[in-house]
>>> print(open('work.tsv').read())   # TSV, C-alpha atoms
chain	number	residue	atom	x	y	z
B	1	MET	CA	46.68	106.38	142.73
B	2	THR	CA	49.59	107.14	145.04
B	3	THR	CA	51.39	110.27	146.07
B	4	ALA	CA	54.77	110.90	144.51
B	5	LEU	CA	55.88	113.41	147.14
B	6	ALA	CA	59.13	112.67	148.95
B	7	GLU	CA	57.49	112.96	152.39
B	8	PRO	CA	54.55	110.78	153.46
B	9	ASP	CA	51.15	112.38	152.87
B	10	LEU	CA	47.54	111.40	153.39
B	11	ILE	CA	45.59	112.65	150.36
B	12	ILE	CA	41.98	113.57	151.20
B	13	ARG	CA	39.68	115.02	148.53
B	14	PRO	CA	36.24	116.50	149.30
B	15	CYS	CA	33.01	115.74	147.46
B	16	LEU	CA	29.29	116.15	147.91
B	17	PRO	CA	27.59	113.63	150.25
B	18	PRO	CA	28.04	110.32	148.39
B	19	PHE	CA	25.21	108.36	149.98
B	20	GLY	CA	22.31	110.67	150.78
B	21	GLY	CA	19.38	109.85	153.02
B	22	ILE	CA	21.40	109.07	156.18
B	23	PHE	CA	19.26	109.99	159.21
B	24	ASP	CA	16.34	110.39	156.76
B	25	LEU	CA	17.79	113.79	155.86
B	26	PRO	CA	18.22	115.27	152.38
B	27	GLY	CA	21.22	114.07	150.45
B	28	ARG	CA	23.51	115.51	147.78
B	29	GLU	CA	21.05	118.16	146.61
B	30	THR	CA	20.93	119.98	149.99
B	31	PRO	CA	24.19	119.51	151.94
B	32	VAL	CA	23.32	122.52	154.15
B	33	ALA	CA	19.81	122.59	155.62
B	34	THR	CA	18.10	124.09	158.66
B	35	HIS	CA	16.31	121.81	161.13
B	36	MET	CA	14.34	121.99	164.34
B	37	PRO	CA	15.35	119.51	167.09
B	38	HIS	CA	15.23	115.89	165.95
B	39	ALA	CA	13.02	113.26	167.58
B	40	PRO	CA	13.38	110.81	169.17
B	41	PHE	CA	15.65	112.63	171.61
B	42	GLU	CA	18.48	110.81	173.37
B	43	ASN	CA	18.47	113.57	175.99
B	44	LEU	CA	22.24	113.96	175.99
B	45	GLU	CA	23.07	117.39	177.35
B	46	GLU	CA	26.14	117.83	175.16
B	47	HIS	CA	24.19	117.10	171.95
B	48	LEU	CA	22.76	120.58	171.51
B	49	HIS	CA	21.15	119.74	168.16
B	50	GLU	CA	18.79	117.40	170.03
B	51	HIS	CA	17.44	120.35	171.97
B	52	LEU	CA	17.91	123.43	169.76
B	53	PRO	CA	17.31	124.51	166.18
B	54	HIS	CA	20.41	123.77	164.14
B	55	LEU	CA	22.08	123.86	160.77
B	56	HIS	CA	22.72	120.33	159.47
B	57	ILE	CA	25.83	120.20	157.29
B	58	SER	CA	26.82	117.11	155.30
B	59	TYR	CA	29.62	116.45	152.84
B	60	GLY	CA	31.78	113.58	151.61
B	61	PHE	CA	35.45	112.97	151.12
B	62	GLU	CA	37.54	110.42	149.31
B	63	ILE	CA	40.88	108.97	150.34
B	64	ALA	CA	42.65	107.53	147.32
B	65	ARG	CA	44.66	104.32	147.34
B	66	HIS	CA	47.96	104.75	149.19
B	67	GLU	CA	50.96	102.50	149.43
B	68	LEU	CA	51.92	101.65	153.00
B	69	GLU	CA	55.24	103.49	152.78
B	70	HIS	CA	53.51	106.66	151.53
B	71	LEU	CA	51.50	107.02	154.76
B	72	PRO	CA	52.78	108.83	157.87
B	73	GLU	CA	54.03	106.71	160.75
B	74	SER	CA	51.32	108.17	162.99
B	75	THR	CA	48.76	110.95	162.51
B	76	HIS	CA	45.50	112.48	163.69
B	77	LEU	CA	42.85	113.37	161.11
B	78	GLU	CA	41.78	117.03	161.17
B	79	VAL	CA	38.51	118.75	160.28
B	80	VAL	CA	37.91	122.49	160.64
B	81	MET	CA	34.75	124.38	159.77
B	82	ALA	CA	34.14	128.10	159.35
B	83	ILE	CA	30.84	129.03	160.96
B	84	LYS	CA	29.19	132.22	162.19
B	85	LYS	CA	30.38	133.60	165.52
B	86	GLU	CA	26.97	133.19	167.18
B	87	HIS	CA	27.08	129.43	166.48
B	88	ARG	CA	28.99	126.41	167.78
B	89	VAL	CA	29.45	123.18	165.83
B	90	ASP	CA	29.63	119.49	166.71
B	91	CYS	CA	31.10	116.74	164.55
B	92	ASN	CA	29.68	113.24	163.99
B	93	PRO	CA	31.50	109.97	163.27
B	94	ILE	CA	32.41	109.16	159.66
B	95	PHE	CA	29.90	107.02	157.77
B	96	VAL	CA	30.61	104.39	155.11
B	97	ASN	CA	28.75	101.67	153.23
B	98	ARG	CA	25.13	102.70	153.12
B	99	LYS	CA	23.01	99.75	154.31
B	100	ASN	CA	19.74	101.23	153.06
B	101	ALA	CA	18.23	104.62	152.29
B	102	SER	CA	18.65	105.99	155.82
B	103	GLU	CA	21.52	104.12	157.47
B	104	GLY	CA	25.28	104.15	157.37
B	105	GLU	CA	28.00	102.27	159.21
B	106	CYS	CA	30.57	104.12	161.28
B	107	LEU	CA	34.07	103.93	159.86
B	108	LYS	CA	36.46	102.04	162.12
B	109	ILE	CA	40.19	102.69	162.24
B	110	GLY	CA	42.29	100.66	164.63
B	111	GLY	CA	39.20	98.74	165.73
B	112	GLU	CA	37.30	101.82	166.99
B	113	ASP	CA	34.70	104.17	165.51
B	114	VAL	CA	36.25	107.44	164.40
B	115	HIS	CA	35.17	110.22	166.79
B	116	TRP	CA	36.23	113.84	167.23
B	117	ILE	CA	37.23	116.29	169.94
B	118	HIS	CA	37.34	120.09	169.76
B	119	SER	CA	40.84	121.49	169.14
B	120	GLU	CA	41.71	125.18	169.38
B	121	GLU	CA	45.19	124.46	168.04
B	122	THR	CA	43.75	122.85	164.90
B	123	ALA	CA	41.49	125.88	164.42
B	124	ARG	CA	44.53	128.20	164.68
B	125	LYS	CA	46.42	126.04	162.16
B	126	ALA	CA	43.59	126.25	159.64
B	127	THR	CA	43.26	130.00	160.18
B	128	GLU	CA	46.95	130.48	159.39
B	129	LEU	CA	46.90	128.21	156.34
B	130	PHE	CA	43.78	129.93	155.02
B	131	ALA	CA	45.48	133.32	155.41
B	132	ARG	CA	48.45	132.08	153.35
B	133	THR	CA	46.11	131.74	150.38
B	134	GLY	CA	45.51	135.49	150.53
B	135	ARG	CA	41.97	135.11	151.84
B	136	ARG	CA	40.29	136.11	155.09
B	137	LEU	CA	37.11	134.92	156.68
B	138	PRO	CA	34.21	137.37	156.87
B	139	GLU	CA	34.20	139.32	160.13
B	140	ASP	CA	31.17	137.41	161.41
B	141	MET	CA	32.77	133.93	161.03
B	142	TYR	CA	35.46	131.87	162.76
B	143	PHE	CA	37.15	128.47	162.37
B	144	SER	CA	36.14	125.66	164.75
B	145	GLY	CA	38.60	122.75	164.76
B	146	PHE	CA	38.50	119.02	165.54
B	147	LEU	CA	40.99	116.16	165.91
B	148	THR	CA	40.23	112.45	165.88
B	149	SER	CA	39.58	111.17	169.39
B	150	THR	CA	38.84	108.14	171.53
B	151	PRO	CA	35.18	106.99	171.32
B	152	ASP	CA	34.35	108.81	174.57
B	153	GLU	CA	35.60	112.05	172.97
B	154	ARG	CA	37.81	112.81	175.98
B	155	GLU	CA	41.30	112.40	174.46
B	156	THR	CA	42.81	112.80	171.02
B	157	ARG	CA	43.48	109.61	169.01
B	158	ALA	CA	46.29	109.21	166.49
B	159	TYR	CA	46.36	106.36	163.97
B	160	THR	CA	49.40	104.33	163.03
B	161	ARG	CA	50.52	103.77	159.45
B	162	GLU	CA	49.31	100.16	159.65
B	163	GLU	CA	45.90	101.16	161.05
B	164	LEU	CA	45.41	103.71	158.29
B	165	PHE	CA	46.45	101.27	155.59
B	166	GLU	CA	44.04	98.61	156.85
B	167	ALA	CA	41.13	101.08	156.85
B	168	ILE	CA	41.93	102.74	153.53
B	169	GLY	CA	42.85	99.66	151.52
B	170	ASP	CA	42.38	100.46	147.86
B	171	GLY	CA	40.57	103.69	148.63
B	172	LEU	CA	37.72	104.95	150.74
B	173	LEU	CA	34.59	107.01	150.09
B	174	VAL	CA	32.84	108.37	153.18
B	175	GLU	CA	30.22	110.84	154.38
B	176	GLN	CA	30.34	113.15	157.39
B	177	HIS	CA	27.81	115.31	159.22
B	178	PHE	CA	28.03	118.41	161.41
B	179	GLN	CA	25.43	120.28	163.41
B	180	ALA	CA	25.80	124.03	164.02
B	181	THR	CA	23.66	125.28	166.90
B	182	TRP	CA	23.19	128.58	168.69
B	183	LEU	CA	26.06	129.40	171.06
B	184	GLU	CA	23.53	131.15	173.30
B	185	PRO	CA	20.32	129.05	173.19
B	186	ARG	CA	17.55	130.42	170.99
B	187	GLU	CA	14.36	128.86	169.72
B	188	GLU	CA	14.55	130.47	166.29
B	189	PRO	CA	15.80	128.49	163.28
B	190	ILE	CA	19.24	129.16	161.75
B	191	ASP	CA	19.19	130.51	158.22
B	192	PRO	CA	21.32	128.29	155.91
B	193	TYR	CA	24.62	129.75	154.73
B	194	ASP	CA	27.70	128.59	152.80
B	195	VAL	CA	30.42	127.09	155.00
B	196	ILE	CA	34.16	126.65	154.45
B	197	ILE	CA	35.74	123.33	155.49
B	198	TYR	CA	39.38	122.33	155.95
B	199	LEU	CA	40.49	118.68	155.74
B	200	GLY	CA	43.98	117.48	156.67
B	201	SER	CA	46.08	115.51	159.14
B	202	THR	CA	48.61	116.47	161.79
B	203	ASP	CA	51.71	114.76	160.43
B	204	THR	CA	51.47	115.40	156.69
B	205	ARG	CA	51.68	118.55	154.59
B	206	TYR	CA	48.65	117.86	152.42
B	207	HIS	CA	45.43	119.73	153.21
B	208	THR	CA	42.49	121.20	151.35
B	209	PHE	CA	39.90	123.95	151.79
B	210	PHE	CA	36.53	123.88	150.08
B	211	ARG	CA	33.30	125.83	150.19
B	212	LEU	CA	30.16	123.81	150.86
B	213	PRO	CA	27.25	125.72	149.33
B	214	ALA	CA	23.82	125.99	150.90
B	215	ILE	CA	22.48	125.54	147.35
B	216	VAL	CA	24.39	123.18	145.05
B	217	PRO	CA	25.00	124.68	141.58
B	218	LEU	CA	23.31	123.03	138.62
B	219	GLY	CA	25.57	120.34	137.16
B	220	ALA	CA	27.62	119.72	140.34
B	221	SER	CA	28.54	116.10	140.88
>>> encode(input="work.tsv", output="structure tokens")
Amino acid sequence: MTTALAEPDLIIRPCLPPFGGIFDLPGRETPVATHMPHAPFENLEEHLHEHLPHLHISYGFEIARHELEHLPESTHLEVVMAIKKEHRVDCNPIFVNRKNASEGECLKIGGEDVHWIHSEETARKATELFARTGRRLPEDMYFSGFLTSTPDERETRAYTREELFEAIGDGLLVEQHFQATWLEPREEPIDPYDVIIYLGSTDTRYHTFFRLPAIVPLGAS
């Protein structure tokens, strides 16, 4: 499938986690789950979920087949998540091609694993676009934004049309994970709650919002 719009667009459609079992965590049936710190610890100070109770959030998305000329010349991928104001969230690489029940391979674009860096501007963009739909976040929630970055997560990373086309090919199905932890460290677990996620890219008009439920409705696929 290709986009028929006059301007280049990168079409990204959300879905439930397509693989399940990555990190030995629940799959499609529980995309939002509360966890205590995971062992073994890597003892990385910036990975708060290794040290604090956290909310593990997993979902999938699909990028349909695109013709080369229908892709933007250069773009960053964007992810934004609405979480509670007492929490902060961190974003993992994108996983593809389940090797076995508890492993996935990191998606590579342009020869590098896809990583993410916090972006206040992306959060503001999602907040404005969400408001245009006539909706507002609850008073106790805010949008936390991310852009694709270099593997060291120090600088943003845009992808060229050719790099995107090589990675997408005839389509791509992936899985992604977030961890929401306490902004001010606490030892108590985080109660699961529904989250709102935005997916888009910096140089195309296409974007989508979806609600990821703490409990998946019967019959969801």
>>> closest_residue(input="work.tsv", among="B:Ala126, B:Ala180, B:Leu199, B:Leu71", to="Cys91 (chain B)", atoms="all atoms listed in the file")
B:Ala180
>>> closest_residue(input="work.tsv", among="B:Pro31, B:Pro189, B:Pro8, B:Pro17", to="Thr75 (chain B)", atoms="only C-alpha atoms")
B:Pro8
>>> residues_around(input="work.tsv", residues="region 119-123 of chain B", least_positions_apart="5", cutoff="6 Å", atoms="only C-alpha atoms", output="list in words")
Phe143, Ser144, Gly145 and Phe146 of chain B
>>> atom_distance(input="work.tsv", atom1="CA of Phe95 (chain B)", atom2="CA of Ile22 (chain B)")
8.9 Å
>>> closest_residue(input="work.tsv", among="B:Leu147, B:Leu129, B:Ile168, B:Met36", to="Ile117 (chain B)", atoms="only C-alpha atoms")
B:Leu147
>>> closest_residue(input="work.tsv", among="B:Leu137, B:Leu212, B:Ile57, B:Ala158", to="Ile109 (chain B)", atoms="only C-alpha atoms")
B:Ala158
>>> residues_around(input="work.tsv", residues="Glu29 (chain B)", least_positions_apart="4", cutoff="9 Å", atoms="all atoms listed in the file", output="ChimeraX atom specification")
/B:16-17,20,215-216
>>> closest_residue(input="work.tsv", among="B:His76, B:His177, B:Arg211, B:Arg136", to="Ile94 (chain B)", atoms="only C-alpha atoms")
B:His177
>>> closest_residue(input="work.tsv", among="B:Val79, B:Glu153, B:Glu86, B:Arg132", to="Asp113 (chain B)", atoms="all atoms listed in the file")
B:Glu153
>>> atom_distance(input="work.tsv", atom1="CA of Phe209 (chain B)", atom2="CA of Lys84 (chain B)")
17.1 Å
>>> atom_distance(input="work.tsv", atom1="CA of Glu112 (chain B)", atom2="CA of Thr156 (chain B)")
12.9 Å
>>> residues_near_point(input="work.tsv", point="(33.9, 133.3, 162.6)", cutoff="8 Å", atoms="only C-alpha atoms", output="ChimeraX atom specification")
/B:82-85,137-143
>>> write_last_selection(input="work.tsv", atoms="C-alpha atoms", output="tab-separated table (two decimals), in the coordinates of the input")
chain	number	residue	atom	x	y	z
B	82	ALA	CA	34.14	128.10	159.35
B	83	ILE	CA	30.84	129.03	160.96
B	84	LYS	CA	29.19	132.22	162.19
B	85	LYS	CA	30.38	133.60	165.52
B	137	LEU	CA	37.11	134.92	156.68
B	138	PRO	CA	34.21	137.37	156.87
B	139	GLU	CA	34.20	139.32	160.13
B	140	ASP	CA	31.17	137.41	161.41
B	141	MET	CA	32.77	133.93	161.03
B	142	TYR	CA	35.46	131.87	162.76
B	143	PHE	CA	37.15	128.47	162.37
>>> decode(input="work.tsv", residues="region 128-140 of chain B", atoms="all heavy atoms", output="mmCIF file, in the first residue's frame")
data_model
loop_
_atom_site.group_PDB
_atom_site.id
_atom_site.type_symbol
_atom_site.label_atom_id
_atom_site.label_comp_id
_atom_site.auth_asym_id
_atom_site.auth_seq_id
_atom_site.Cartn_x
_atom_site.Cartn_y
_atom_site.Cartn_z
ATOM 1 N N GLU B 128 -0.367 20.398 21.030
ATOM 2 C CA GLU B 128 -1.157 21.247 20.140
ATOM 3 C C GLU B 128 -2.016 20.420 19.202
ATOM 4 O O GLU B 128 -3.206 20.721 18.997
ATOM 5 C CB GLU B 128 -0.226 22.146 19.339
ATOM 6 C CG GLU B 128 -0.948 23.049 18.354
ATOM 7 C CD GLU B 128 -0.005 23.913 17.538
ATOM 8 O OE1 GLU B 128 1.135 24.121 17.979
ATOM 9 O OE2 GLU B 128 -0.417 24.363 16.449
ATOM 10 N N LEU B 129 -1.458 19.385 18.608
ATOM 11 C CA LEU B 129 -2.227 18.549 17.688
ATOM 12 C C LEU B 129 -3.368 17.832 18.406
ATOM 13 O O LEU B 129 -4.463 17.670 17.856
ATOM 14 C CB LEU B 129 -1.301 17.530 17.013
ATOM 15 C CG LEU B 129 -0.302 18.100 16.001
ATOM 16 C CD1 LEU B 129 0.697 17.031 15.574
ATOM 17 C CD2 LEU B 129 -1.031 18.661 14.782
ATOM 18 N N PHE B 130 -3.120 17.404 19.627
ATOM 19 C CA PHE B 130 -4.164 16.742 20.407
ATOM 20 C C PHE B 130 -5.303 17.713 20.690
ATOM 21 O O PHE B 130 -6.486 17.363 20.601
ATOM 22 C CB PHE B 130 -3.572 16.202 21.709
ATOM 23 C CG PHE B 130 -4.474 15.266 22.460
ATOM 24 C CD1 PHE B 130 -4.792 14.023 21.952
ATOM 25 C CD2 PHE B 130 -4.996 15.634 23.696
ATOM 26 C CE1 PHE B 130 -5.617 13.149 22.648
ATOM 27 C CE2 PHE B 130 -5.814 14.764 24.402
ATOM 28 C CZ PHE B 130 -6.128 13.518 23.882
ATOM 29 N N ALA B 131 -4.947 18.967 21.006
ATOM 30 C CA ALA B 131 -5.966 19.982 21.286
ATOM 31 C C ALA B 131 -6.823 20.264 20.058
ATOM 32 O O ALA B 131 -8.018 20.564 20.179
ATOM 33 C CB ALA B 131 -5.305 21.263 21.776
ATOM 34 N N ARG B 132 -6.239 20.157 18.865
ATOM 35 C CA ARG B 132 -7.004 20.406 17.631
ATOM 36 C C ARG B 132 -8.117 19.388 17.431
ATOM 37 O O ARG B 132 -9.057 19.636 16.666
ATOM 38 C CB ARG B 132 -6.065 20.380 16.424
ATOM 39 C CG ARG B 132 -5.107 21.545 16.340
ATOM 40 C CD ARG B 132 -4.260 21.434 15.084
ATOM 41 N NE ARG B 132 -3.182 22.406 15.062
ATOM 42 C CZ ARG B 132 -2.248 22.454 14.110
ATOM 43 N NH1 ARG B 132 -2.296 21.592 13.090
ATOM 44 N NH2 ARG B 132 -1.297 23.360 14.170
ATOM 45 N N THR B 133 -8.010 18.242 18.079
ATOM 46 C CA THR B 133 -9.061 17.229 17.969
ATOM 47 C C THR B 133 -10.234 17.546 18.887
ATOM 48 O O THR B 133 -11.228 16.804 18.904
ATOM 49 C CB THR B 133 -8.517 15.832 18.308
ATOM 50 O OG1 THR B 133 -8.208 15.769 19.709
ATOM 51 C CG2 THR B 133 -7.270 15.507 17.503
ATOM 52 N N GLY B 134 -10.101 18.622 19.692
ATOM 53 C CA GLY B 134 -11.164 18.970 20.622
ATOM 54 C C GLY B 134 -11.055 18.272 21.953
ATOM 55 O O GLY B 134 -11.986 18.329 22.769
ATOM 56 N N ARG B 135 -9.901 17.630 22.202
ATOM 57 C CA ARG B 135 -9.713 16.911 23.457
ATOM 58 C C ARG B 135 -8.630 17.580 24.289
ATOM 59 O O ARG B 135 -7.776 18.292 23.775
ATOM 60 C CB ARG B 135 -9.339 15.447 23.183
ATOM 61 C CG ARG B 135 -10.465 14.641 22.550
ATOM 62 C CD ARG B 135 -9.986 13.277 22.120
ATOM 63 N NE ARG B 135 -9.114 13.370 20.961
ATOM 64 C CZ ARG B 135 -8.559 12.317 20.355
ATOM 65 N NH1 ARG B 135 -8.781 11.098 20.817
ATOM 66 N NH2 ARG B 135 -7.784 12.473 19.298
ATOM 67 N N ARG B 136 -8.657 17.320 25.584
ATOM 68 C CA ARG B 136 -7.639 17.794 26.502
ATOM 69 C C ARG B 136 -7.215 16.637 27.391
ATOM 70 O O ARG B 136 -8.012 15.758 27.710
ATOM 71 C CB ARG B 136 -8.157 18.940 27.382
ATOM 72 C CG ARG B 136 -8.573 20.187 26.622
ATOM 73 C CD ARG B 136 -7.379 20.910 26.008
ATOM 74 N NE ARG B 136 -7.774 22.205 25.442
ATOM 75 C CZ ARG B 136 -8.262 22.353 24.225
ATOM 76 N NH1 ARG B 136 -8.469 21.280 23.452
ATOM 77 N NH2 ARG B 136 -8.590 23.543 23.759
ATOM 78 N N LEU B 137 -5.962 16.667 27.774
ATOM 79 C CA LEU B 137 -5.505 15.664 28.728
ATOM 80 C C LEU B 137 -6.127 15.924 30.092
ATOM 81 O O LEU B 137 -6.436 17.067 30.435
ATOM 82 C CB LEU B 137 -3.986 15.707 28.860
ATOM 83 C CG LEU B 137 -3.144 15.184 27.697
ATOM 84 C CD1 LEU B 137 -1.666 15.287 28.055
ATOM 85 C CD2 LEU B 137 -3.503 13.755 27.341
ATOM 86 N N PRO B 138 -6.291 14.881 30.898
ATOM 87 C CA PRO B 138 -6.680 15.109 32.298
ATOM 88 C C PRO B 138 -5.666 16.014 32.994
ATOM 89 O O PRO B 138 -4.493 16.066 32.616
ATOM 90 C CB PRO B 138 -6.669 13.685 32.888
ATOM 91 C CG PRO B 138 -6.863 12.776 31.715
ATOM 92 C CD PRO B 138 -6.175 13.449 30.562
ATOM 93 N N GLU B 139 -6.099 16.720 34.016
ATOM 94 C CA GLU B 139 -5.243 17.683 34.699
ATOM 95 C C GLU B 139 -4.003 17.049 35.314
ATOM 96 O O GLU B 139 -2.992 17.722 35.524
ATOM 97 C CB GLU B 139 -6.047 18.404 35.789
ATOM 98 C CG GLU B 139 -7.085 19.370 35.245
ATOM 99 C CD GLU B 139 -6.453 20.522 34.478
ATOM 100 O OE1 GLU B 139 -5.380 21.004 34.908
ATOM 101 O OE2 GLU B 139 -7.022 20.933 33.437
ATOM 102 N N ASP B 140 -4.062 15.762 35.610
ATOM 103 C CA ASP B 140 -2.930 15.111 36.276
ATOM 104 C C ASP B 140 -1.969 14.448 35.294
ATOM 105 O O ASP B 140 -1.095 13.683 35.709
ATOM 106 C CB ASP B 140 -3.418 14.069 37.286
ATOM 107 C CG ASP B 140 -4.203 12.924 36.639
ATOM 108 O OD1 ASP B 140 -4.637 13.079 35.465
ATOM 109 O OD2 ASP B 140 -4.377 11.880 37.293
#
